[in-house]
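Report on the following structure.
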Amino acid sequence: ATVSAESAGPPPPMTRRVHHVDDAIRVEYIADEGLADRLRRSMLRPFTIGLFYLACLVPLVALLTVEAYAMAALPGAAIVTMSLLFFTPFFGRWWFRRTAPPGTPVSAEYGPGRIRLRLGTYDRTLDRASIRRVRRLGTSLQVTSRTSTDVLLIPDELLTPEIATGLLEEFGRPPWWRRLVDALRRRLRASG
């Protein structure tokens with residue numbers, strides 16, 4: 001009995017594949033329907049928190065200065081802040097869906113000298129020596145470079161637990177406010 005392609009149903013989704021290529025590890029995956037939304041949510045966390053603080057700070061500064069130019073700038077700042085908060089989620093979703101639509105092969109390669117990320121048409125490589133910081137953002141790792149404006153947002157689908165732990169141990173830094181709190185605690189313990 002022969003099974004036709006129509007009656008066989010859709011092919012099973014590809015799970016993550018991990019290959020050892022020379023001295024690097026390559027992780028491959030086929031983008032699913034929710035990948036773009038997961039990446040967008042990871043991208044928005046620090047951005048929206050910063051905009052929230054900016055939206056709170058601008059009226060406070062305007063009220064403290066109580067000068068005519070500050071009061072005139074307040075509506076403009078409010079409009080810019082609200083438009084960024086409104087349009088950024090839609091732009092992020094559009095960009096990730098356009099770059100790596102469902103069914104697109106995505107991959108990451110981790111070598112001793114570089115990290116390469118391919119999300120559909122997006123293909124970037126960072127030298128490990130240029131990495132400034134790696135931090136966990138939702139379901140992704142954000143890799144920031146010292147030498148360029150490139151930021152790699154690597155989804156968990158392209159990470160193994162060993163790679164994620166290694167990157168966070170090597171390049172992870174607590175946020176500035178956590179370092180400040182820790183320094184104050186050390187100072188209090190030393191003085192008391």
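Residue numbering restarts at 1 in every chain; chains get A, B, ... in the order shown in the structure tokens, and ligands count up from 1 in that same order.
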I'd like the contact shell of Ala129 (chain A) - 10 Å cut-off, only C-alpha atoms, skipping same-chain residues fewer than 4 positions apart - returned as a list in words.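 So, after excluding close chain neighbours, the residues are Pro112, Gly113, Arg114, Ser145, Arg146 and Thr147 of chain A.
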Output C-alpha atoms of each residue in that selection to a file, as a PDB file, in the first residue's frame.
ATOM      1  CA  PRO A 112      36.412  29.799  20.194  1.00  0.00           C
ATOM      2  CA  GLY A 113      36.892  33.100  18.337  1.00  0.00           C
ATOM      3  CA  ARG A 114      33.407  34.118  17.198  1.00  0.00           C
ATOM      4  CA  SER A 145      29.432  44.168  21.291  1.00  0.00           C
ATOM      5  CA  ARG A 146      32.028  46.765  22.340  1.00  0.00           C
ATOM      6  CA  THR A 147      33.030  47.706  18.823  1.00  0.00           C
TER       7      THR A 147
END
One number please: CA of Thr15 (chain A) to CA of Ile30 (chain A), in Å, one decimal.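 According to the coordinates, CA of Thr15 (chain A) and CA of Ile30 (chain A) are separated by 7.6 Å.
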If you run DSSP over the backbone, which residues in region 101-160 of chain A end up strand (DSSP E or B)? Put them as an NGL selection string. :A and (105-110 or 114-119 or 122-127 or 131-137 or 140-145 or 151-155)
Go ahead and save the picked residues with N, CA and C atoms, as an mmCIF file, in the first residue's frame.
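Output (selection_22.cif):
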data_model
loop_
_atom_site.group_PDB
_atom_site.id
_atom_site.type_symbol
_atom_site.label_atom_id
_atom_site.label_comp_id
_atom_site.auth_asym_id
_atom_site.auth_seq_id
_atom_site.Cartn_x
_atom_site.Cartn_y
_atom_site.Cartn_z
ATOM 1 N N PRO A 105 14.972 28.166 8.027
ATOM 2 C CA PRO A 105 16.078 27.620 8.816
ATOM 3 C C PRO A 105 16.810 28.742 9.554
ATOM 4 N N VAL A 106 17.033 28.549 10.836
ATOM 5 C CA VAL A 106 17.807 29.486 11.643
ATOM 6 C C VAL A 106 18.928 28.694 12.305
ATOM 7 N N SER A 107 20.048 29.372 12.575
ATOM 8 C CA SER A 107 21.169 28.658 13.175
ATOM 9 C C SER A 107 22.069 29.619 13.933
ATOM 10 N N ALA A 108 22.860 29.039 14.811
ATOM 11 C CA ALA A 108 23.882 29.785 15.534
ATOM 12 C C ALA A 108 25.117 28.899 15.594
ATOM 13 N N GLU A 109 26.270 29.537 15.451
ATOM 14 C CA GLU A 109 27.538 28.809 15.497
ATOM 15 C C GLU A 109 28.416 29.450 16.564
ATOM 16 N N TYR A 110 28.890 28.623 17.480
ATOM 17 C CA TYR A 110 29.687 29.093 18.605
ATOM 18 C C TYR A 110 31.093 28.511 18.481
ATOM 19 N N ARG A 114 34.537 33.324 17.684
ATOM 20 C CA ARG A 114 33.407 34.118 17.198
ATOM 21 C C ARG A 114 32.090 33.420 17.470
ATOM 22 N N ILE A 115 31.028 34.214 17.370
ATOM 23 C CA ILE A 115 29.652 33.710 17.440
ATOM 24 C C ILE A 115 28.944 34.215 16.192
ATOM 25 N N ARG A 116 28.300 33.309 15.481
ATOM 26 C CA ARG A 116 27.578 33.689 14.272
ATOM 27 C C ARG A 116 26.112 33.312 14.436
ATOM 28 N N LEU A 117 25.228 34.255 14.135
ATOM 29 C CA LEU A 117 23.787 34.048 14.244
ATOM 30 C C LEU A 117 23.152 34.258 12.882
ATOM 31 N N ARG A 118 22.326 33.294 12.465
ATOM 32 C CA ARG A 118 21.569 33.416 11.217
ATOM 33 C C ARG A 118 20.089 33.226 11.540
ATOM 34 N N LEU A 119 19.332 34.283 11.351
ATOM 35 C CA LEU A 119 17.877 34.230 11.477
ATOM 36 C C LEU A 119 17.314 34.581 10.117
ATOM 37 N N TYR A 122 18.858 37.602 8.230
ATOM 38 C CA TYR A 122 19.751 38.285 9.169
ATOM 39 C C TYR A 122 20.936 37.367 9.448
ATOM 40 N N ASP A 123 22.146 37.820 9.147
ATOM 41 C CA ASP A 123 23.352 37.007 9.321
ATOM 42 C C ASP A 123 24.441 37.905 9.896
ATOM 43 N N ARG A 124 24.769 37.709 11.163
ATOM 44 C CA ARG A 124 25.776 38.544 11.824
ATOM 45 C C ARG A 124 26.784 37.672 12.547
ATOM 46 N N THR A 125 28.015 38.166 12.608
ATOM 47 C CA THR A 125 29.089 37.489 13.314
ATOM 48 C C THR A 125 29.740 38.473 14.270
ATOM 49 N N LEU A 126 29.962 38.046 15.508
ATOM 50 C CA LEU A 126 30.672 38.849 16.497
ATOM 51 C C LEU A 126 31.915 38.090 16.934
ATOM 52 N N ASP A 127 33.041 38.791 16.985
ATOM 53 C CA ASP A 127 34.241 38.207 17.568
ATOM 54 C C ASP A 127 34.051 38.119 19.069
ATOM 55 N N ILE A 131 32.952 41.067 22.550
ATOM 56 C CA ILE A 131 31.714 40.974 23.330
ATOM 57 C C ILE A 131 31.856 41.768 24.617
ATOM 58 N N ARG A 132 30.927 42.675 24.834
ATOM 59 C CA ARG A 132 30.914 43.491 26.047
ATOM 60 C C ARG A 132 30.115 42.819 27.148
ATOM 61 N N ARG A 133 28.930 42.309 26.795
ATOM 62 C CA ARG A 133 28.072 41.723 27.822
ATOM 63 C C ARG A 133 27.096 40.741 27.204
ATOM 64 N N VAL A 134 26.746 39.735 27.992
ATOM 65 C CA VAL A 134 25.697 38.782 27.642
ATOM 66 C C VAL A 134 24.716 38.754 28.808
ATOM 67 N N ARG A 135 23.442 38.881 28.491
ATOM 68 C CA ARG A 135 22.444 38.813 29.556
ATOM 69 C C ARG A 135 21.203 38.085 29.078
ATOM 70 N N ARG A 136 20.493 37.522 30.021
ATOM 71 C CA ARG A 136 19.265 36.788 29.742
ATOM 72 C C ARG A 136 18.113 37.772 29.654
ATOM 73 N N LEU A 137 17.359 37.701 28.554
ATOM 74 C CA LEU A 137 16.155 38.517 28.370
ATOM 75 C C LEU A 137 15.023 37.588 27.965
ATOM 76 N N SER A 140 15.581 34.515 25.505
ATOM 77 C CA SER A 140 16.721 34.759 24.625
ATOM 78 C C SER A 140 17.931 35.223 25.423
ATOM 79 N N LEU A 141 19.087 35.154 24.776
ATOM 80 C CA LEU A 141 20.294 35.776 25.306
ATOM 81 C C LEU A 141 20.613 36.970 24.427
ATOM 82 N N GLN A 142 20.910 38.099 25.041
ATOM 83 C CA GLN A 142 21.309 39.297 24.307
ATOM 84 C C GLN A 142 22.823 39.420 24.411
ATOM 85 N N VAL A 143 23.493 39.438 23.268
ATOM 86 C CA VAL A 143 24.946 39.554 23.202
ATOM 87 C C VAL A 143 25.263 40.939 22.636
ATOM 88 N N THR A 144 25.929 41.763 23.441
ATOM 89 C CA THR A 144 26.240 43.142 23.061
ATOM 90 C C THR A 144 27.724 43.257 22.770
ATOM 91 N N SER A 145 28.046 44.005 21.719
ATOM 92 C CA SER A 145 29.432 44.168 21.291
ATOM 93 C C SER A 145 30.006 45.488 21.769
ATOM 94 N N VAL A 151 23.780 43.900 17.989
ATOM 95 C CA VAL A 151 23.342 43.176 19.178
ATOM 96 C C VAL A 151 22.719 41.881 18.676
ATOM 97 N N LEU A 152 23.233 40.769 19.159
ATOM 98 C CA LEU A 152 22.663 39.483 18.785
ATOM 99 C C LEU A 152 21.613 39.104 19.818
ATOM 100 N N LEU A 153 20.440 38.753 19.360
ATOM 101 C CA LEU A 153 19.380 38.265 20.221
ATOM 102 C C LEU A 153 19.199 36.795 19.866
ATOM 103 N N ILE A 154 19.804 35.913 20.663
ATOM 104 C CA ILE A 154 19.842 34.492 20.356
ATOM 105 C C ILE A 154 18.712 33.787 21.103
ATOM 106 N N PRO A 155 17.750 33.204 20.363
ATOM 107 C CA PRO A 155 16.642 32.522 21.036
ATOM 108 C C PRO A 155 17.111 31.230 21.704
#
Within 10 Å of Gly138 (chain A) using only C-alpha atoms, minus same-chain residues under 6 positions, as a PyMOL selection string: chain A and resi 38-45+155-156
I need the chosen residues saved as an mmCIF file, in the first residue's frame, with all heavy atoms.
data_model
loop_
_atom_site.group_PDB
_atom_site.id
_atom_site.type_symbol
_atom_site.label_atom_id
_atom_site.label_comp_id
_atom_site.auth_asym_id
_atom_site.auth_seq_id
_atom_site.Cartn_x
_atom_site.Cartn_y
_atom_site.Cartn_z
ATOM 1 N N ARG A 38 8.262 35.510 20.381
ATOM 2 C CA ARG A 38 9.149 35.312 21.536
ATOM 3 C C ARG A 38 10.352 36.250 21.473
ATOM 4 O O ARG A 38 10.758 36.826 22.485
ATOM 5 C CB ARG A 38 9.601 33.851 21.611
ATOM 6 C CG ARG A 38 8.499 32.909 22.039
ATOM 7 C CD ARG A 38 9.022 31.519 22.352
ATOM 8 N NE ARG A 38 9.723 30.876 21.258
ATOM 9 C CZ ARG A 38 9.140 30.174 20.295
ATOM 10 N NH1 ARG A 38 7.824 30.028 20.263
ATOM 11 N NH2 ARG A 38 9.856 29.598 19.352
ATOM 12 N N LEU A 39 10.923 36.420 20.290
ATOM 13 C CA LEU A 39 12.060 37.337 20.138
ATOM 14 C C LEU A 39 11.629 38.777 20.387
ATOM 15 O O LEU A 39 12.336 39.543 21.036
ATOM 16 C CB LEU A 39 12.677 37.193 18.745
ATOM 17 C CG LEU A 39 13.511 35.942 18.535
ATOM 18 C CD1 LEU A 39 13.851 35.772 17.061
ATOM 19 C CD2 LEU A 39 14.774 35.993 19.361
ATOM 20 N N ARG A 40 10.478 39.158 19.902
ATOM 21 C CA ARG A 40 9.985 40.525 20.104
ATOM 22 C C ARG A 40 9.764 40.808 21.586
ATOM 23 O O ARG A 40 10.151 41.853 22.095
ATOM 24 C CB ARG A 40 8.676 40.728 19.340
ATOM 25 C CG ARG A 40 8.072 42.108 19.539
ATOM 26 C CD ARG A 40 6.682 42.196 18.951
ATOM 27 N NE ARG A 40 5.780 41.199 19.464
ATOM 28 C CZ ARG A 40 5.069 41.317 20.593
ATOM 29 N NH1 ARG A 40 5.180 42.405 21.320
ATOM 30 N NH2 ARG A 40 4.260 40.363 20.987
ATOM 31 N N ARG A 41 9.167 39.862 22.301
ATOM 32 C CA ARG A 41 8.953 40.059 23.737
ATOM 33 C C ARG A 41 10.278 40.171 24.487
ATOM 34 O O ARG A 41 10.415 40.984 25.395
ATOM 35 C CB ARG A 41 8.111 38.920 24.312
ATOM 36 C CG ARG A 41 6.642 39.071 24.030
ATOM 37 C CD ARG A 41 5.812 38.100 24.847
ATOM 38 N NE ARG A 41 6.156 36.709 24.632
ATOM 39 C CZ ARG A 41 5.627 35.938 23.688
ATOM 40 N NH1 ARG A 41 4.735 36.448 22.853
ATOM 41 N NH2 ARG A 41 5.967 34.678 23.568
ATOM 42 N N SER A 42 11.258 39.379 24.096
ATOM 43 C CA SER A 42 12.576 39.470 24.742
ATOM 44 C C SER A 42 13.225 40.816 24.460
ATOM 45 O O SER A 42 13.854 41.405 25.329
ATOM 46 C CB SER A 42 13.496 38.354 24.246
ATOM 47 O OG SER A 42 13.024 37.103 24.657
ATOM 48 N N MET A 43 13.074 41.313 23.243
ATOM 49 C CA MET A 43 13.673 42.587 22.855
ATOM 50 C C MET A 43 13.044 43.754 23.600
ATOM 51 O O MET A 43 13.721 44.708 23.968
ATOM 52 C CB MET A 43 13.500 42.794 21.350
ATOM 53 C CG MET A 43 13.985 44.127 20.827
ATOM 54 S SD MET A 43 13.564 44.381 19.106
ATOM 55 C CE MET A 43 11.824 44.723 19.223
ATOM 56 N N LEU A 44 11.757 43.694 23.876
ATOM 57 C CA LEU A 44 11.046 44.832 24.444
ATOM 58 C C LEU A 44 11.274 45.040 25.925
ATOM 59 O O LEU A 44 11.087 46.128 26.425
ATOM 60 C CB LEU A 44 9.547 44.684 24.198
ATOM 61 C CG LEU A 44 9.105 44.927 22.779
ATOM 62 C CD1 LEU A 44 7.622 44.717 22.658
ATOM 63 C CD2 LEU A 44 9.484 46.306 22.334
ATOM 64 N N ARG A 45 11.653 44.028 26.657
ATOM 65 C CA ARG A 45 11.729 44.172 28.112
ATOM 66 C C ARG A 45 12.578 45.350 28.562
ATOM 67 O O ARG A 45 12.094 46.231 29.239
ATOM 68 C CB ARG A 45 12.189 42.875 28.740
ATOM 69 C CG ARG A 45 11.100 41.851 28.698
ATOM 70 C CD ARG A 45 11.517 40.591 29.321
ATOM 71 N NE ARG A 45 10.404 39.657 29.176
ATOM 72 C CZ ARG A 45 10.325 38.528 29.777
ATOM 73 N NH1 ARG A 45 11.269 38.143 30.568
ATOM 74 N NH2 ARG A 45 9.297 37.746 29.593
ATOM 75 N N PRO A 155 17.750 33.204 20.363
ATOM 76 C CA PRO A 155 16.642 32.522 21.036
ATOM 77 C C PRO A 155 17.111 31.230 21.704
ATOM 78 O O PRO A 155 18.115 30.638 21.303
ATOM 79 C CB PRO A 155 15.660 32.234 19.895
ATOM 80 C CG PRO A 155 16.502 32.202 18.667
ATOM 81 C CD PRO A 155 17.636 33.155 18.905
ATOM 82 N N ASP A 156 16.376 30.790 22.715
ATOM 83 C CA ASP A 156 16.719 29.564 23.436
ATOM 84 C C ASP A 156 16.773 28.346 22.523
ATOM 85 O O ASP A 156 17.494 27.395 22.804
ATOM 86 C CB ASP A 156 15.717 29.301 24.563
ATOM 87 C CG ASP A 156 15.966 30.187 25.768
ATOM 88 O OD1 ASP A 156 17.057 30.795 25.850
ATOM 89 O OD2 ASP A 156 15.076 30.277 26.632
#
Point-to-point distance in Å for CA of Leu167 (chain A) and CA of His20 (chain A): 17.6 Å
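Using only C-alpha atoms, the smallest distance between any of A:Gly111, A:Arg97, A:Leu35, A:Ser130 and Asp23 (chain A) comes from A:Gly111.
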